[in-house]
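Peer 1: This is the structure I have questions about; it appears just below.
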Number of protein chains: 2
Amino acid sequence: MAESWSFLDTFDPNFRPLVVIELAKGTKEETIDWFTKRIVDKKANGGAQLLIKPLVTENGNENIYLVGASHLRLLLGAETVGLVKECNDNSMRTFTYSSRKTFKDFADDNHNFLTMAEGQYIIKHELENLRAKDEKMIPGYPQAKLYPGKSIVRRLLTSGVLVQIFPLHDREELKKLRHSWYGQVKVGYQPLDEIRCYFGETVALYFGFLEYFTFALIPMAVIGIPYYVFAWEDYDKYVMFATFNLLWSTVILEVWKRICAIMTYRWGTLLMKRQFEEPRPGFHGVLGINPVTGREEPVYSSIKRQIRIYLVSLPFVCLCLYFSLYVMMIYFDLEQWALDYHEENESNFSSLMLFVPSIIYAVVIEIMNRIYRCAAEFLTSWENHRLESSYQNHLVLKVLVFNFLNCFASLFYIAFVLFDMKLLRQSLATLLITSQILNQFAESLLPYWLQKRHKKRMKKRMCALKTDADLSLVEQVNLEKEMGTYFGTFDDYLELFLQFGYVSLFSCVYPLAAVFAVLNNITEIYSDALKMCRVYKRPFAEPTANIGVWQLAFETMSVISVVTNCILIGMSPQVNALFPDSKMDLILTVALVEHLLLAIKFIMAFVIPDKPRDIQIKLAQLEFESLEALKKQ
Amino acid sequence: MAESWSFLDTFDPNFRPLVVIELAKGTKEETIDWFTKRIVDKKANGGAQLLIKPLVTENGNENIYLVGASHLRLLLGAETVGLVKECNDNSMRTFTYSSRKTFKDFADDNHNFLTMAEGQYIIKHELENLRAKDEKMIPGYPQAKLYPGKSIVRRLLTSGVLVQIFPLHDREELKKLRHSWYGQVKVGYQPLDEIRCYFGETVALYFGFLEYFTFALIPMAVIGIPYYVFAWEDYDKYVMFATFNLLWSTVILEVWKRICAIMTYRWGTLLMKRQFEEPRPGFHGVLGINPVTGREEPVYSSIKRQIRIYLVSLPFVCLCLYFSLYVMMIYFDLEQWALDYHEENESNFSSLMLFVPSIIYAVVIEIMNRIYRCAAEFLTSWENHRLESSYQNHLVLKVLVFNFLNCFASLFYIAFVLFDMKLLRQSLATLLITSQILNQFAESLLPYWLQKRHKKRMKKRMCALKTDADLSLVEQVNLEKEMGTYFGTFDDYLELFLQFGYVSLFSCVYPLAAVFAVLNNITEIYSDALKMCRVYKRPFAEPTANIGVWQLAFETMSVISVVTNCILIGMSPQVNALFPDSKMDLILTVALVEHLLLAIKFIMAFVIPDKPRDIQIKLAQLEFESLEALKKQ
């Protein structure tokens, strides 16, 4: 491999820009020279051996650079990041340059062997792994300290010299993708493989999950419709519905794991080896020795972090939960007031007024969720986690607990303290529908509109200037650098998680929730697709093998929903009528049924294999091969 | 490495016998010649390159062979099986012959670098991996078919030519071990590292778990004693005891994982790579192509197996469960009869008679458990599982479900159908104590006594013969080949599992159970140690990193015990008195507390890391090193 590296040239006539680097205005020449030299420098000298070109615009150099790489460089990079590609014999294998001929569609002149998203991922990885050698600071910025092994790009980002790095859209590809994704009116699956090629696995997996989840909700929606149409109020029917619902939710979550394994196997990420995790960009501490790597890097005491978590974050979260409950009580006062008003002056207006408190509360909940989200991000960042994954876990936990309470506390209160099923149904409907409308608006339509306005203004300014050969690229870069940044799938999953809660927690009271969820998700697919293609900068592809912590979150929700549904059914007058003599027998029966259902859930989760048989065999094949190779070594 | 193999000689003047092979009497010369040739043959020719020597006894060749290996051969074998040893820098690494100098205590003339148990494990591994090349059958036995790749030893075993293979005891070492293990009266820990060196990791881990579990029960026993001494009957005290018990059982199971990680890291098995699993000896089927290895081997349809499992085994298990419940009902009739008898003729004899049904029932339970065990083994073997691990899992599941019901059904019936706490306490005590006494007797003392009688007879016979230089070895082999075979830790764990059930399921009714459990376990340590050292053949060492499915079994038991204890407390008159107005409030409170406790359990299991921090760091170090090595490659 050392040989192959030396073949590389840092100049390529067929330069294809993949990634844009925007430096701050007024960045010192000295810094730019040093940084660009490090990017193009040979691997042996500690460089990234990439290609870089300034973007020349009319009004002079705006400190924007385009980064690319030769085809050979990308192939070597693919080996470094451990990409898994399909071989000629249809098996998936880790790509190595020396075995390149065995891979499907590989040809030395086929520059499409790696997708553009993969190329961008490789460049991002190489840039982030550009490490300081003996520099003590960033040239020109003495306050931006460096130490051997520190990622240069991360230091440039934290010191504000580097504004952003983002991958370029491929307008041709994007157009094709848009067309097959949401351009035509059709009933069918999303082009997940194309989405994956363009946006990477994390985004494609989200859309895969969204689609799967929507399909999985359809049976529930179909069963739910007659309850509304025929106004069925028999509890025995509700019991059937709830039981079906509970078993169904277990099945769909288990089956998802299998479908996810099939997809990520096809995409190669199921087999990708975990890379060693570097400290996250925001991590800081005094210089010390990392016990794992033996390298000098910032070290932060784990005890200090624990203290911050348990003595500051935990009380803060509890306070927020208390505040959320307090707001809920105000909502109930409002609700009571509206009810009184309705009773006093019965009119169309007053019956409309009955819905007002719920709508206000739904809006307040959304606002509180968003404010809390910022606070949680600040706190988790202040806890100073070393790894991105640990940061994400703590953030997800904080946000989930609060959002769960914030969204569902009022429903629990209505159900299990007020025992008011009518109000529960009404609140549930209002909360669900309001939050769906708010979300669709805030997430996609508003940014889309802003983006469109911005684009128009941009176009006008561009047309005023004289056009030259490169204008379309300049225009594209200038447009894209102003676009919003897509911060990952967190919010999208969170929305689905809360929706799952609305559908399953009180399913026996409001079977129509699944119908609304399905309708919402169908538009959600389109609005999220629009958001990805039109509103945001292209995100860097992020390989992933599963939906991670969200699987656990959804499973927890389905366990909680067993409990709530059993209690709701136990409280119903019809079921109560079956046990006229003894309340005790009723409650014991309900408790027994609940425990049985929980046991069935756990047994089902245990019995259904997480990976389909053919994927298991393929994984075993690879493991067997590597063991055999080790033996022969 | 190929070079090192050629240095090996198949003759060694310092032959040290490690493993004994006993062939059936009257085995054909042709077969013996072929088999021994394959054992000593060079690795390149498909042999095992071991040393073999017939055991010469007075009354001619009894078809017993001693197998050993040169020091170099064992070192190369250690690399093949992937042994992990301690390095000079105190880290644990996979042993390779080329890096041998970096390992602690390694010297070319130090023949104790590998323990005797490790040597025996390597020889067993090499013998089992002796595979047929182009032989169509075992020479001399045309009905014993072979196909390329079939393990010769396994075919010889199934066709009855090979009676047994077992490792020899090391009398010197065993004496030392016996002394430090149970030879002296002392309070302290068992010499787990020495046990591991002599018996291997699986056995040592069982004794480690037994010791840990005993220590963990002591707090419960200490708290339980005053309940007996002061005859506390206040339920608030029982509530406290049960709550402590539940949280404690979660903590001890979580902490065990950490302790287990510490031990197995020190022993190297935590880092050992999983080997590719070969079909288990009893597996049969038509010759086909294994989809994983691509090799020709017997294949058995997975659908057929599923049919056997769900249409035969499952109904059979259900039938057994029904039968067990039927026997239980007979026990209750007997109990009623004894009670009636006691009421009619009140006397010392009649009050003793009260205990008789329980004792009979306890004995019957033990007998049924043992019969069912045989049936379960037969059925699971008939299900024809390809892998030993899958066989074990199905067997454990069958046995656990039945034993659980068989042992605890009567207690559940008494507690939750008869609501008779006094009878519950009495039955619990009788069952626990009877089963402990029976177990200790059947497991260790009876075999020990049989073994002693046999040894005496043997000694007499030996003394009658004239002694020569090798007699002690001949005597030893003849003695050991008649000893019982230790079938693994299954029964020992099962006993602990049931004991854990007696202690935790109804802990709030009979706090003294923990005291009996502690007393039993202390003697159990000694009787099990006696059993290992005196009664059974030395077992082959079996590397393992944890207690496997038993961890799950114990955790499930502790979840069930939360439910039972909450119900018991809810049923108590004292707690009932707290809710004089409404039974409903009482049950709701109990259900709430139960769910809270379960939630706390799951959160605790989630929050407590499975491996201590320093082990995590060491594992991360190794992972980082291998990633770095891959990069540099």
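Each chain of the structure tokens is named A, B, ... in the order shown, its residues numbered from 1; ligands are numbered from 1 in display order.
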Residues of chain B within 6 Å of chain A, counting only C-alpha atoms - could you list those as a list in words?

Peer 2: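 Per the criterion, chain B yields Val292, Ile617 and Gln621 of chain B.
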
Peer 1: Store the residues picked out above, limited to all heavy atoms, as an mmCIF file, in the first residue's frame.

Peer 2:
data_model
loop_
_atom_site.group_PDB
_atom_site.id
_atom_site.type_symbol
_atom_site.label_atom_id
_atom_site.label_comp_id
_atom_site.auth_asym_id
_atom_site.auth_seq_id
_atom_site.Cartn_x
_atom_site.Cartn_y
_atom_site.Cartn_z
ATOM 1 N N VAL B 292 -22.373 -22.240 5.338
ATOM 2 C CA VAL B 292 -21.397 -21.324 5.940
ATOM 3 C C VAL B 292 -19.980 -21.684 5.507
ATOM 4 O O VAL B 292 -19.228 -20.839 5.019
ATOM 5 C CB VAL B 292 -21.519 -21.339 7.471
ATOM 6 C CG1 VAL B 292 -20.406 -20.508 8.099
ATOM 7 C CG2 VAL B 292 -22.873 -20.816 7.894
ATOM 8 N N ILE B 617 -11.101 -0.023 30.220
ATOM 9 C CA ILE B 617 -9.956 0.670 29.629
ATOM 10 C C ILE B 617 -9.001 -0.328 28.995
ATOM 11 O O ILE B 617 -8.522 -0.127 27.874
ATOM 12 C CB ILE B 617 -9.233 1.526 30.693
ATOM 13 C CG1 ILE B 617 -10.103 2.732 31.036
ATOM 14 C CG2 ILE B 617 -7.862 1.971 30.215
ATOM 15 C CD1 ILE B 617 -9.528 3.625 32.093
ATOM 16 N N GLN B 621 -7.938 -0.470 25.177
ATOM 17 C CA GLN B 621 -6.531 -0.432 24.761
ATOM 18 C C GLN B 621 -6.256 -1.471 23.693
ATOM 19 O O GLN B 621 -5.670 -1.176 22.654
ATOM 20 C CB GLN B 621 -5.624 -0.741 25.957
ATOM 21 C CG GLN B 621 -5.227 0.469 26.772
ATOM 22 C CD GLN B 621 -4.451 0.059 28.004
ATOM 23 O OE1 GLN B 621 -4.357 -1.124 28.326
ATOM 24 N NE2 GLN B 621 -3.911 1.037 28.702
#

Peer 1: Could you go through region 22-123 of chain B and tell me which residues DSSP, when run on the backbone, assigns to helix (DSSP H, G or I), listing them as a ChimeraX atom specification?

Peer 2: /B:29-40,43-45,71-81,100-102,116-123

Peer 1: Quick one: DSSP strand (DSSP E) residues in region 250-472 of chain A, as a PyMOL selection string?

Peer 2: chain A and resi 286-289+296-299

Peer 1: What does the file look like for those residues with N, CA and C atoms, as a PDB file, in the first residue's frame?

Peer 2:
ATOM      1  N   VAL A 286      -7.475  19.487  30.825  1.00  0.00           N
ATOM      2  CA  VAL A 286      -6.036  19.733  30.886  1.00  0.00           C
ATOM      3  C   VAL A 286      -5.329  18.625  30.121  1.00  0.00           C
ATOM      4  N   LEU A 287      -4.167  18.962  29.582  1.00  0.00           N
ATOM      5  CA  LEU A 287      -3.424  17.957  28.821  1.00  0.00           C
ATOM      6  C   LEU A 287      -2.982  16.826  29.746  1.00  0.00           C
ATOM      7  N   GLY A 288      -3.203  15.608  29.288  1.00  0.00           N
ATOM      8  CA  GLY A 288      -2.775  14.459  30.085  1.00  0.00           C
ATOM      9  C   GLY A 288      -2.561  13.292  29.158  1.00  0.00           C
ATOM     10  N   ILE A 289      -2.410  12.120  29.735  1.00  0.00           N
ATOM     11  CA  ILE A 289      -2.202  10.929  28.907  1.00  0.00           C
ATOM     12  C   ILE A 289      -3.504  10.128  28.869  1.00  0.00           C
ATOM     13  N   GLU A 296      -0.931  11.949  24.225  1.00  0.00           N
ATOM     14  CA  GLU A 296      -1.213  13.163  24.983  1.00  0.00           C
ATOM     15  C   GLU A 296      -2.490  13.777  24.421  1.00  0.00           C
ATOM     16  N   GLU A 297      -3.426  14.030  25.270  1.00  0.00           N
ATOM     17  CA  GLU A 297      -4.656  14.702  24.836  1.00  0.00           C
ATOM     18  C   GLU A 297      -5.363  15.261  26.061  1.00  0.00           C
ATOM     19  N   PRO A 298      -6.352  16.124  25.871  1.00  0.00           N
ATOM     20  CA  PRO A 298      -7.036  16.681  27.049  1.00  0.00           C
ATOM     21  C   PRO A 298      -7.692  15.559  27.835  1.00  0.00           C
ATOM     22  N   VAL A 299      -7.615  15.668  29.133  1.00  0.00           N
ATOM     23  CA  VAL A 299      -8.206  14.661  30.016  1.00  0.00           C
ATOM     24  C   VAL A 299      -9.135  15.394  30.966  1.00  0.00           C
TER      25      VAL A 299
END

Peer 1: Just give me the gap between CA of Tyr238 (chain B) and CA of Ile569 (chain B) in Å, one decimal is fine.

Peer 2: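 Spanning CA of Tyr238 (chain B) to CA of Ile569 (chain B) is a straight-line distance of 7.8 Å.
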